[in-house]
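Q: One structure, pasted below without further comment.
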Amino acid sequence: MSNLKYLSGFGNEFSSEDPRCPGSLPEGQNNPQKCPYGLYAEQLSGTAFTAPREHNERTWLYRIRPSVLHKPFQPVETANKMTIKWSENPPNPNQMRWKPFDLPSENDGDIDFVAGLHTLCGAGDPKLRNGLAIHIYACNTPMRDSCLYNSDGDFLIVPQTGILHIITEMGKLDVSPNEIAVIQQGIKFNVAVDGPTRGYVLEVYNGHFQLPYLGPIGANGLANPRDFLHPVAWYEDRDVDAYKVISKYQGNLFCATQGHSPFDVVAWHGNYVPYKYDLSRFMVINSVEFDHADPSIFTVLTCPSTKPGTAIADFVIFPPRWAVQERTFRPPYFHRNCMSEFMGIIMGNYEAKEGMLPGGASLHSMMTPHGPDYKCFEMASNADLKPMRLAEGTQSFMFESCLQLAVTAWAEKECEKLDAEYYKCWEPLKKHFNPEQP
Ligand SMILES: O=C(O)Cc1cc(O)ccc1O
Ligand SMILES: [Fe+2]
């Protein structure tokens with residue numbers, strides 16, 4: 001059990017001091033001539049200085065040394081398979097389903113969070129601040145005297161197996177399966193794990209995640225702001241021969257060394273802060289009379305594009321809930337979508353299909369037909385429509401994007417998890433049409 005403290009509330013202006021240094025946060029100003037305890041002041045901007053007030057995000061850090069104190073960055077060759085080269089593998093519009101991605105085996109040796117990142121699909125270009133990437137991580141070892149920051153965008157991390165013990169510049173987050181974490185652009189973090197650990201990462205280049213507008217739902221519901229938990233200030237004053245600061249920049253990794261731990265922030269204040277959210281806190285709203293509501297009703301967070309109501313990426317979950325609709329085919333309908341749908345499973349199974357397994361994934365690309373498999377269709381078409389618990393003990397999710405996603409060679413071939421038989425789950429769907437029988 002994690003006994004970390006957190007600050008609650010989405011988008012709040014927080015302030016936090018490590019209790020070992022009371023009064024370390026300058027009072028009433030950001031840049032005193034000399035900061036308390038001999039700290040350096042440093043601003044981390046998450047939006048343009050001139051972004052409108054309601055979107056403006058920045059945090060003031062009061063740290064032992066400024067971040068600039070590092071040796072030059074050098075390119076790193078890593079074991080990981082991260083890429084932004086979306087044209088390397090030819091396009092493939094087929095329905096895709098992946099068996100669970102491998103956890104590192106004993107023969108693989110030590111693989112930390114960074115070495116364990118593999119890109120499945122994506123689109124766009126961090127240079128233009130437009131696009132996304134979806135990665136899998138599979139690791140077994142803590143990051144040792146090294147941290148990562150993403151110059152390209154924000155990470156939304158979905159653990160599937162194993163707890164992530166994350167240290168960030170603003171403090172610590174312990175993130176378990178069925179929780180998610182968001183670590184924004186530029187924030188340095190280190191991940192420790194207890195053993196074989198796996199999960200999904202949605203990376204967005206455009207901007208930050210927001211709570212969806214609730215419209216007629218009202219002032220409450222879906223993911224409630226107070227359930228978003230942010231770290232409290234924690235620092236270490238630790239000299240290290242060569243602490244590795246890794247930057248993901250234009251899709252490549254660069255490493256700079258420095259003589260001290262970067263987790264030396266004694267106090268901070270601001271609204272640009274990593275956070276976690278427990279998916280079991282999601283307040284589920286759905287159809288209570290007839291018909292299947294679109295899955296947007298389950299949106300936890302959204303990263304909007306500039307087109308109204310159209311997301312670079314929505315993070316949507318399919319949580320345990322009651323199904324009560326009458327005279328209704330209750331599972332997901334057959335459909336074709338002008339958005340791309342990537343799905344993963346944290347635990348259990350997915351209501352519309354057999355064969356989706358925890359740690360695996362599916363991709364239904366733009367306009368590619370999909371829907372319930374044959375078994376699901378037959379069962380739900382003939383089911384007794386009593387109120388019924390759905391998806392008990394399961395958690396599936398979807399990253400839905402307005403972008404066309406290119407699948408990497410690793411995902412399509414090298415990982416050897418793509419299920420060539422997937423299309424067969426729909427093949428037995430029979431013709432039921434009878435012109436004599438309305
Ligand atoms: O394809 C899927 O399984 C995801 C999905 C679920 C749903 O309830 C409605 C539409 C949709 O795309
Ligand atoms: Fe779908």
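Chain labels run A, B, ... following the order of the structure tokens; each chain numbers its residues from 1, and ligands are numbered from 1 in the order shown.
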List the spatial neighbours of Phe377 in chain A as a short mmCIF file (atom, residue, chain, number, x, y, z; two decimals) with N, CA and C atoms, in the first residue's frame - criterion: any atom at most 10 Å away, only C-alpha atoms, same-chain residues fewer than 3 positions off excluded.

A:
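What ended up in around-v3.cif:
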```cif
data_model
loop_
_atom_site.label_atom_id
_atom_site.label_comp_id
_atom_site.auth_asym_id
_atom_site.auth_seq_id
_atom_site.Cartn_x
_atom_site.Cartn_y
_atom_site.Cartn_z
N PHE A 329 -30.58 -3.59 -28.56
CA PHE A 329 -29.35 -4.37 -28.70
C PHE A 329 -28.31 -3.63 -27.87
N ARG A 330 -27.96 -4.21 -26.73
CA ARG A 330 -27.20 -3.46 -25.73
C ARG A 330 -25.70 -3.30 -26.02
N PRO A 331 -25.03 -4.28 -26.62
CA PRO A 331 -23.56 -4.10 -26.82
C PRO A 331 -23.27 -3.02 -27.86
N PRO A 332 -22.00 -2.68 -28.04
CA PRO A 332 -21.63 -1.73 -29.09
C PRO A 332 -22.24 -2.16 -30.42
N TYR A 333 -22.70 -1.19 -31.17
CA TYR A 333 -23.32 -1.42 -32.49
C TYR A 333 -22.23 -1.67 -33.54
N PHE A 334 -22.65 -2.18 -34.69
CA PHE A 334 -21.72 -2.22 -35.83
C PHE A 334 -21.52 -0.78 -36.29
N ALA A 352 -17.76 -6.65 -25.98
CA ALA A 352 -18.24 -6.86 -27.35
C ALA A 352 -17.50 -7.97 -28.07
N LYS A 353 -16.47 -8.54 -27.44
CA LYS A 353 -15.64 -9.48 -28.18
C LYS A 353 -14.93 -10.47 -27.27
N GLY A 371 -17.34 -4.03 -34.95
CA GLY A 371 -18.51 -4.13 -34.08
C GLY A 371 -18.46 -5.43 -33.31
N PRO A 372 -19.60 -5.82 -32.73
CA PRO A 372 -19.62 -7.02 -31.89
C PRO A 372 -19.26 -8.26 -32.72
N ASP A 373 -18.62 -9.22 -32.10
CA ASP A 373 -18.32 -10.45 -32.83
C ASP A 373 -19.60 -11.31 -32.93
N TYR A 374 -19.50 -12.39 -33.67
CA TYR A 374 -20.68 -13.22 -33.94
C TYR A 374 -21.36 -13.67 -32.65
N ALA A 380 -26.65 -11.23 -27.61
CA ALA A 380 -27.34 -10.00 -27.22
C ALA A 380 -28.64 -9.81 -27.99
N SER A 381 -28.73 -10.41 -29.19
CA SER A 381 -29.97 -10.28 -29.96
C SER A 381 -31.09 -11.12 -29.36
N ASN A 382 -30.71 -12.11 -28.56
CA ASN A 382 -31.72 -13.02 -28.00
C ASN A 382 -31.78 -12.97 -26.48
N ALA A 383 -31.06 -12.05 -25.88
CA ALA A 383 -30.96 -12.03 -24.42
C ALA A 383 -32.27 -11.55 -23.79
N TRP A 426 -15.97 -12.26 -37.05
CA TRP A 426 -17.22 -11.75 -37.65
C TRP A 426 -17.75 -12.68 -38.74
N LEU A 429 -21.31 -14.36 -38.97
CA LEU A 429 -22.52 -13.52 -38.95
C LEU A 429 -23.40 -13.89 -40.15
#
```

Q: Distance limit 10 Å, reference ligand 1, atoms considered: only C-alpha atoms and all ligand atoms. Which residues make the cut? Give them as an MDAnalysis selection string.

A: chainID A and resid 292:298 316:318 330:337 339:343 350:353 362:364 369:373 396:400

Q: Could you please take those selected residues and save C-alpha atoms as an mmCIF file, in the first residue's frame?

A:
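result13.cif, freshly written:
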```
data_model
loop_
_atom_site.group_PDB
_atom_site.id
_atom_site.type_symbol
_atom_site.label_atom_id
_atom_site.label_comp_id
_atom_site.auth_asym_id
_atom_site.auth_seq_id
_atom_site.Cartn_x
_atom_site.Cartn_y
_atom_site.Cartn_z
ATOM 1 C CA HIS A 292 -26.923 2.306 -26.929
ATOM 2 C CA ALA A 293 -25.291 5.630 -26.117
ATOM 3 C CA ASP A 294 -22.096 6.539 -27.975
ATOM 4 C CA PRO A 295 -18.922 5.746 -26.017
ATOM 5 C CA SER A 296 -18.102 9.445 -25.666
ATOM 6 C CA ILE A 297 -20.315 9.217 -22.574
ATOM 7 C CA PHE A 298 -17.354 7.427 -20.938
ATOM 8 C CA VAL A 316 -12.441 6.649 -22.816
ATOM 9 C CA ILE A 317 -13.106 3.744 -20.443
ATOM 10 C CA PHE A 318 -15.654 0.913 -20.384
ATOM 11 C CA ARG A 330 -27.196 -3.458 -25.731
ATOM 12 C CA PRO A 331 -23.563 -4.104 -26.820
ATOM 13 C CA PRO A 332 -21.633 -1.730 -29.088
ATOM 14 C CA TYR A 333 -23.317 -1.420 -32.487
ATOM 15 C CA PHE A 334 -21.720 -2.215 -35.834
ATOM 16 C CA HIS A 335 -20.109 0.935 -37.041
ATOM 17 C CA ARG A 336 -17.664 2.803 -39.223
ATOM 18 C CA ASN A 337 -16.044 5.839 -37.732
ATOM 19 C CA MET A 339 -12.064 8.635 -35.991
ATOM 20 C CA SER A 340 -9.361 6.016 -35.218
ATOM 21 C CA GLU A 341 -10.108 3.687 -32.317
ATOM 22 C CA PHE A 342 -7.261 2.074 -30.372
ATOM 23 C CA MET A 343 -8.346 -0.168 -27.509
ATOM 24 C CA TYR A 350 -14.218 -6.699 -23.348
ATOM 25 C CA GLU A 351 -17.977 -6.887 -23.539
ATOM 26 C CA ALA A 352 -18.243 -6.861 -27.349
ATOM 27 C CA LYS A 353 -15.638 -9.483 -28.180
ATOM 28 C CA SER A 362 -6.908 -3.575 -31.009
ATOM 29 C CA LEU A 363 -6.956 -0.894 -33.668
ATOM 30 C CA HIS A 364 -9.973 -0.108 -35.815
ATOM 31 C CA PRO A 369 -15.941 -1.546 -40.225
ATOM 32 C CA HIS A 370 -16.136 -3.260 -36.858
ATOM 33 C CA GLY A 371 -18.511 -4.130 -34.077
ATOM 34 C CA PRO A 372 -19.618 -7.021 -31.892
ATOM 35 C CA ASP A 373 -18.323 -10.451 -32.834
ATOM 36 C CA SER A 396 -11.122 -1.724 -21.022
ATOM 37 C CA PHE A 397 -10.252 1.609 -22.537
ATOM 38 C CA MET A 398 -10.077 3.387 -25.862
ATOM 39 C CA PHE A 399 -7.827 6.104 -27.252
ATOM 40 C CA GLU A 400 -10.000 7.721 -29.918
#
```

Q: Give me, as CSV, each residue of range 15-86 of chain A that comes within 12 Å of range 99-113 of chain A, together with its shortest interatomic pair and the distance in Å at one decimal, counting only C-alpha atoms, with rows ordered by chain and rising residue number.

A:
```
residue,atom,partner,partner_atom,distance
A:Thr78,CA,A:Ile111,CA,10.4
A:Ala79,CA,A:Ile111,CA,8.4
A:Asn80,CA,A:Ile111,CA,9.2
```

Q: Identify which of the residues A:Thr141, A:Asn252, A:Thr168, A:Gln95 lies closest to ligand 2, counting only C-alpha atoms and all ligand atoms when measuring atom-to-atom distances.

A: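 Among the listed residues, the smallest separation from ligand 2 belongs to A:Gln95.
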
Q: Hey, can you check how far CA of Val76 in chain A sits from CA of Gln258 in chain A?

A: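 Going from CA of Val76 in chain A over to CA of Gln258 in chain A covers 15.7 Å.
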
Q: Env of Val284 in chain A: 8 Å cut, atoms = only C-alpha atoms, seq-sep filter 4 positions within chain, self excluded. Answer as a list in words.

A: Gly221, Leu222, Phe298, Pro319 and Arg321 of chain A

Q: Quick one: residues within 9 Å of range 6-17 of chain A, only C-alpha atoms, excluding same-chain residues fewer than 2 positions away - as a ChimeraX atom specification?

A: /A:4,19-25,57,59,170,172-173,210-211,224-234,265-273,275

Q: Next, dump the selected residues to file, keeping only N, CA and C atoms, as a short mmCIF file (atom, residue, chain, number, x, y, z; two decimals), in the first residue's frame.

A:
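Produced file part.cif, reproduced below:
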```cif
data_model
loop_
_atom_site.label_atom_id
_atom_site.label_comp_id
_atom_site.auth_asym_id
_atom_site.auth_seq_id
_atom_site.Cartn_x
_atom_site.Cartn_y
_atom_site.Cartn_z
N LEU A 4 1.73 7.65 0.21
CA LEU A 4 2.09 9.00 -0.24
C LEU A 4 0.93 9.95 -0.02
N PRO A 19 8.13 19.37 3.86
CA PRO A 19 8.04 19.75 5.28
C PRO A 19 9.39 19.90 5.97
N ARG A 20 10.46 19.39 5.36
CA ARG A 20 11.79 19.56 5.97
C ARG A 20 12.27 21.01 5.86
N CYS A 21 11.66 21.80 4.98
CA CYS A 21 12.07 23.20 4.78
C CYS A 21 10.86 24.14 4.86
N PRO A 22 10.34 24.36 6.06
CA PRO A 22 9.19 25.25 6.17
C PRO A 22 9.57 26.66 5.72
N GLY A 23 8.66 27.30 5.01
CA GLY A 23 8.92 28.67 4.53
C GLY A 23 9.78 28.70 3.28
N SER A 24 9.93 27.57 2.60
CA SER A 24 10.79 27.55 1.40
C SER A 24 10.11 28.19 0.19
N LEU A 25 8.79 28.32 0.21
CA LEU A 25 8.08 28.96 -0.90
C LEU A 25 8.08 30.47 -0.67
N GLU A 57 -0.81 27.46 -18.27
CA GLU A 57 -0.26 26.52 -17.28
C GLU A 57 1.23 26.75 -17.10
N THR A 59 4.44 26.33 -13.71
CA THR A 59 4.76 26.09 -12.30
C THR A 59 6.09 26.73 -11.97
N MET A 170 7.89 17.51 -9.09
CA MET A 170 6.95 18.06 -8.11
C MET A 170 6.67 17.10 -6.96
N LYS A 172 6.19 12.71 -5.58
CA LYS A 172 6.06 11.28 -5.93
C LYS A 172 4.60 10.88 -6.21
N LEU A 173 4.45 9.94 -7.14
CA LEU A 173 3.14 9.36 -7.46
C LEU A 173 3.31 7.84 -7.51
N GLN A 210 -7.77 17.74 -20.91
CA GLN A 210 -8.78 18.49 -20.16
C GLN A 210 -9.88 17.52 -19.75
N LEU A 211 -10.68 17.96 -18.79
CA LEU A 211 -11.91 17.23 -18.54
C LEU A 211 -12.90 17.60 -19.65
N ASN A 224 -14.73 13.30 -11.79
CA ASN A 224 -14.92 14.51 -10.99
C ASN A 224 -13.57 15.13 -10.63
N PRO A 225 -13.47 16.46 -10.72
CA PRO A 225 -12.16 17.13 -10.55
C PRO A 225 -11.44 16.75 -9.26
N ARG A 226 -12.17 16.55 -8.17
CA ARG A 226 -11.45 16.34 -6.91
C ARG A 226 -10.75 14.99 -6.84
N ASP A 227 -11.04 14.09 -7.78
CA ASP A 227 -10.39 12.78 -7.75
C ASP A 227 -9.04 12.76 -8.47
N PHE A 228 -8.63 13.89 -9.01
CA PHE A 228 -7.31 13.95 -9.66
C PHE A 228 -6.29 14.34 -8.60
N LEU A 229 -5.28 13.49 -8.43
CA LEU A 229 -4.35 13.63 -7.30
C LEU A 229 -2.96 14.03 -7.80
N HIS A 230 -2.43 15.05 -7.16
CA HIS A 230 -1.14 15.63 -7.55
C HIS A 230 -0.13 15.42 -6.41
N PRO A 231 1.15 15.32 -6.74
CA PRO A 231 2.15 15.06 -5.70
C PRO A 231 2.40 16.27 -4.79
N VAL A 232 3.01 16.00 -3.67
CA VAL A 232 3.49 17.09 -2.80
C VAL A 232 5.01 17.18 -2.95
N ALA A 233 5.53 18.38 -2.66
CA ALA A 233 6.97 18.61 -2.87
C ALA A 233 7.81 17.59 -2.11
N TRP A 234 8.80 17.07 -2.79
CA TRP A 234 9.76 16.14 -2.16
C TRP A 234 11.11 16.35 -2.84
N VAL A 265 13.74 19.74 -6.04
CA VAL A 265 12.77 20.84 -5.89
C VAL A 265 12.23 20.79 -4.47
N VAL A 266 12.52 21.82 -3.70
CA VAL A 266 12.15 21.86 -2.29
C VAL A 266 10.72 22.40 -2.13
N ALA A 267 10.34 23.31 -3.01
CA ALA A 267 8.99 23.89 -2.95
C ALA A 267 8.57 24.27 -4.36
N TRP A 268 7.27 24.30 -4.58
CA TRP A 268 6.77 24.73 -5.90
C TRP A 268 5.37 25.29 -5.74
N HIS A 269 4.98 26.11 -6.72
CA HIS A 269 3.56 26.48 -6.80
C HIS A 269 3.19 26.64 -8.26
N GLY A 270 1.95 26.32 -8.60
CA GLY A 270 1.51 26.47 -9.98
C GLY A 270 0.41 25.50 -10.33
N ASN A 271 0.08 25.48 -11.61
CA ASN A 271 -1.00 24.62 -12.11
C ASN A 271 -0.51 23.67 -13.21
N TYR A 272 0.82 23.57 -13.37
CA TYR A 272 1.39 22.64 -14.35
C TYR A 272 2.05 21.53 -13.56
N VAL A 273 1.27 20.51 -13.25
CA VAL A 273 1.67 19.51 -12.25
C VAL A 273 1.18 18.13 -12.73
N TYR A 275 -0.30 14.32 -12.50
CA TYR A 275 -1.38 13.83 -11.63
C TYR A 275 -1.72 12.39 -11.94
#
```

Q: What is the distance, in Å and to one decimal place, between CA of Val175 in chain A and CA of Ile136 in chain A?

A: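 These atoms are spaced 16.1 Å apart.
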
Q: Would you please extract all strand (DSSP E) residues from range 231-373 of chain A, as assigned by DSSP on the backbone, and give them as a ChimeraX atom specification?

A: /A:231,239-249,252-260,265-270,275-278,299-304,311-318,321-323,340-347,361-364

Q: Residues at most 9 Å from Pro387 in chain A, counting only C-alpha atoms, excluding those fewer than 4 positions away in the same chain, as number ranges by chain?

A: A: 322-326

Q: Please provide as a list in words all residues within 12 Å of Pro75 in chain A, with the sequence filter that same-chain residues fewer than 2 positions apart are discarded (counting only C-alpha atoms).

A: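 So, after excluding close chain neighbours, the residues are Pro72, Phe73, Glu77, Thr78, Val245, Ile246, Ser247, Lys248, Tyr249, Gln250, Gly251, Asn252, Leu253, Phe254, Cys255 and Ala256 of chain A.
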
Q: Would you write out those residues with C-alpha atoms, as a PDB file, in the first residue's frame?

A:
```
ATOM      1  CA  PRO A  72      25.673  18.741 -23.333  1.00  0.00           C
ATOM      2  CA  PHE A  73      23.080  16.299 -24.666  1.00  0.00           C
ATOM      3  CA  GLU A  77      21.109   4.346 -28.717  1.00  0.00           C
ATOM      4  CA  THR A  78      18.618   2.425 -26.632  1.00  0.00           C
ATOM      5  CA  VAL A 245      18.838  13.249 -17.844  1.00  0.00           C
ATOM      6  CA  ILE A 246      17.156  11.797 -20.932  1.00  0.00           C
ATOM      7  CA  SER A 247      15.173  14.055 -23.230  1.00  0.00           C
ATOM      8  CA  LYS A 248      12.820  12.716 -25.862  1.00  0.00           C
ATOM      9  CA  TYR A 249      13.202  15.359 -28.514  1.00  0.00           C
ATOM     10  CA  GLN A 250      11.790  15.131 -32.043  1.00  0.00           C
ATOM     11  CA  GLY A 251      11.150  11.441 -31.434  1.00  0.00           C
ATOM     12  CA  ASN A 252      14.769  10.647 -30.512  1.00  0.00           C
ATOM     13  CA  LEU A 253      16.395  10.200 -27.146  1.00  0.00           C
ATOM     14  CA  PHE A 254      19.250  12.401 -25.971  1.00  0.00           C
ATOM     15  CA  CYS A 255      21.145  12.068 -22.730  1.00  0.00           C
ATOM     16  CA  ALA A 256      22.916  14.721 -20.669  1.00  0.00           C
TER      17      ALA A 256
END
```

Q: Quick one: residues within 6 Å of Gly186 in chain A, only C-alpha atoms counted, chain neighbours fewer than 3 positions away excluded, as an NGL selection string?

A: :A and (149-151)

Q: Dump N, CA and C atoms for the selected residues as a PDB file, in the first residue's frame?

A:
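The result, stored in again_10.pdb:
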```pdb
ATOM      1  N   TYR A 149      12.498  13.217 -19.613  1.00  0.00           N
ATOM      2  CA  TYR A 149      11.458  14.222 -19.849  1.00  0.00           C
ATOM      3  C   TYR A 149      11.134  14.248 -21.323  1.00  0.00           C
ATOM      4  N   ASN A 150       9.881  14.575 -21.614  1.00  0.00           N
ATOM      5  CA  ASN A 150       9.398  14.511 -22.977  1.00  0.00           C
ATOM      6  C   ASN A 150       9.283  15.925 -23.524  1.00  0.00           C
ATOM      7  N   SER A 151      10.151  16.265 -24.469  1.00  0.00           N
ATOM      8  CA  SER A 151      10.080  17.591 -25.093  1.00  0.00           C
ATOM      9  C   SER A 151       8.981  17.626 -26.145  1.00  0.00           C
TER      10      SER A 151
END
```

Q: Got a sec to tell me which of range 19-171 of chain A DSSP assigns to helix (DSSP H, G or I), as a count of residues only?

A: 9

Q: Do you have the CA of Ala138 in chain A-CA of Ile163 in chain A distance handy?

A: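 CA of Ile163 in chain A lies at a distance of 12.1 Å from CA of Ala138 in chain A.
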
Q: Rank A:Ala133, A:Ala181, A:Val158, A:Ala361 by their smallest atom-to-atom distance to Tyr277 in chain A, using only C-alpha atoms, and report the top residue only.

A: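 The shortest atom-to-atom distance to Tyr277 in chain A comes from A:Ala181.
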
Q: Please determine, counting only C-alpha atoms and all ligand atoms, which residue among A:Tyr137, A:Ser305, A:Cys376, A:Thr368 has the shortest atom-to-atom distance to ligand 2.

A: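 When distances to ligand 2 are compared using only C-alpha atoms and all ligand atoms, the smallest one comes from A:Thr368.
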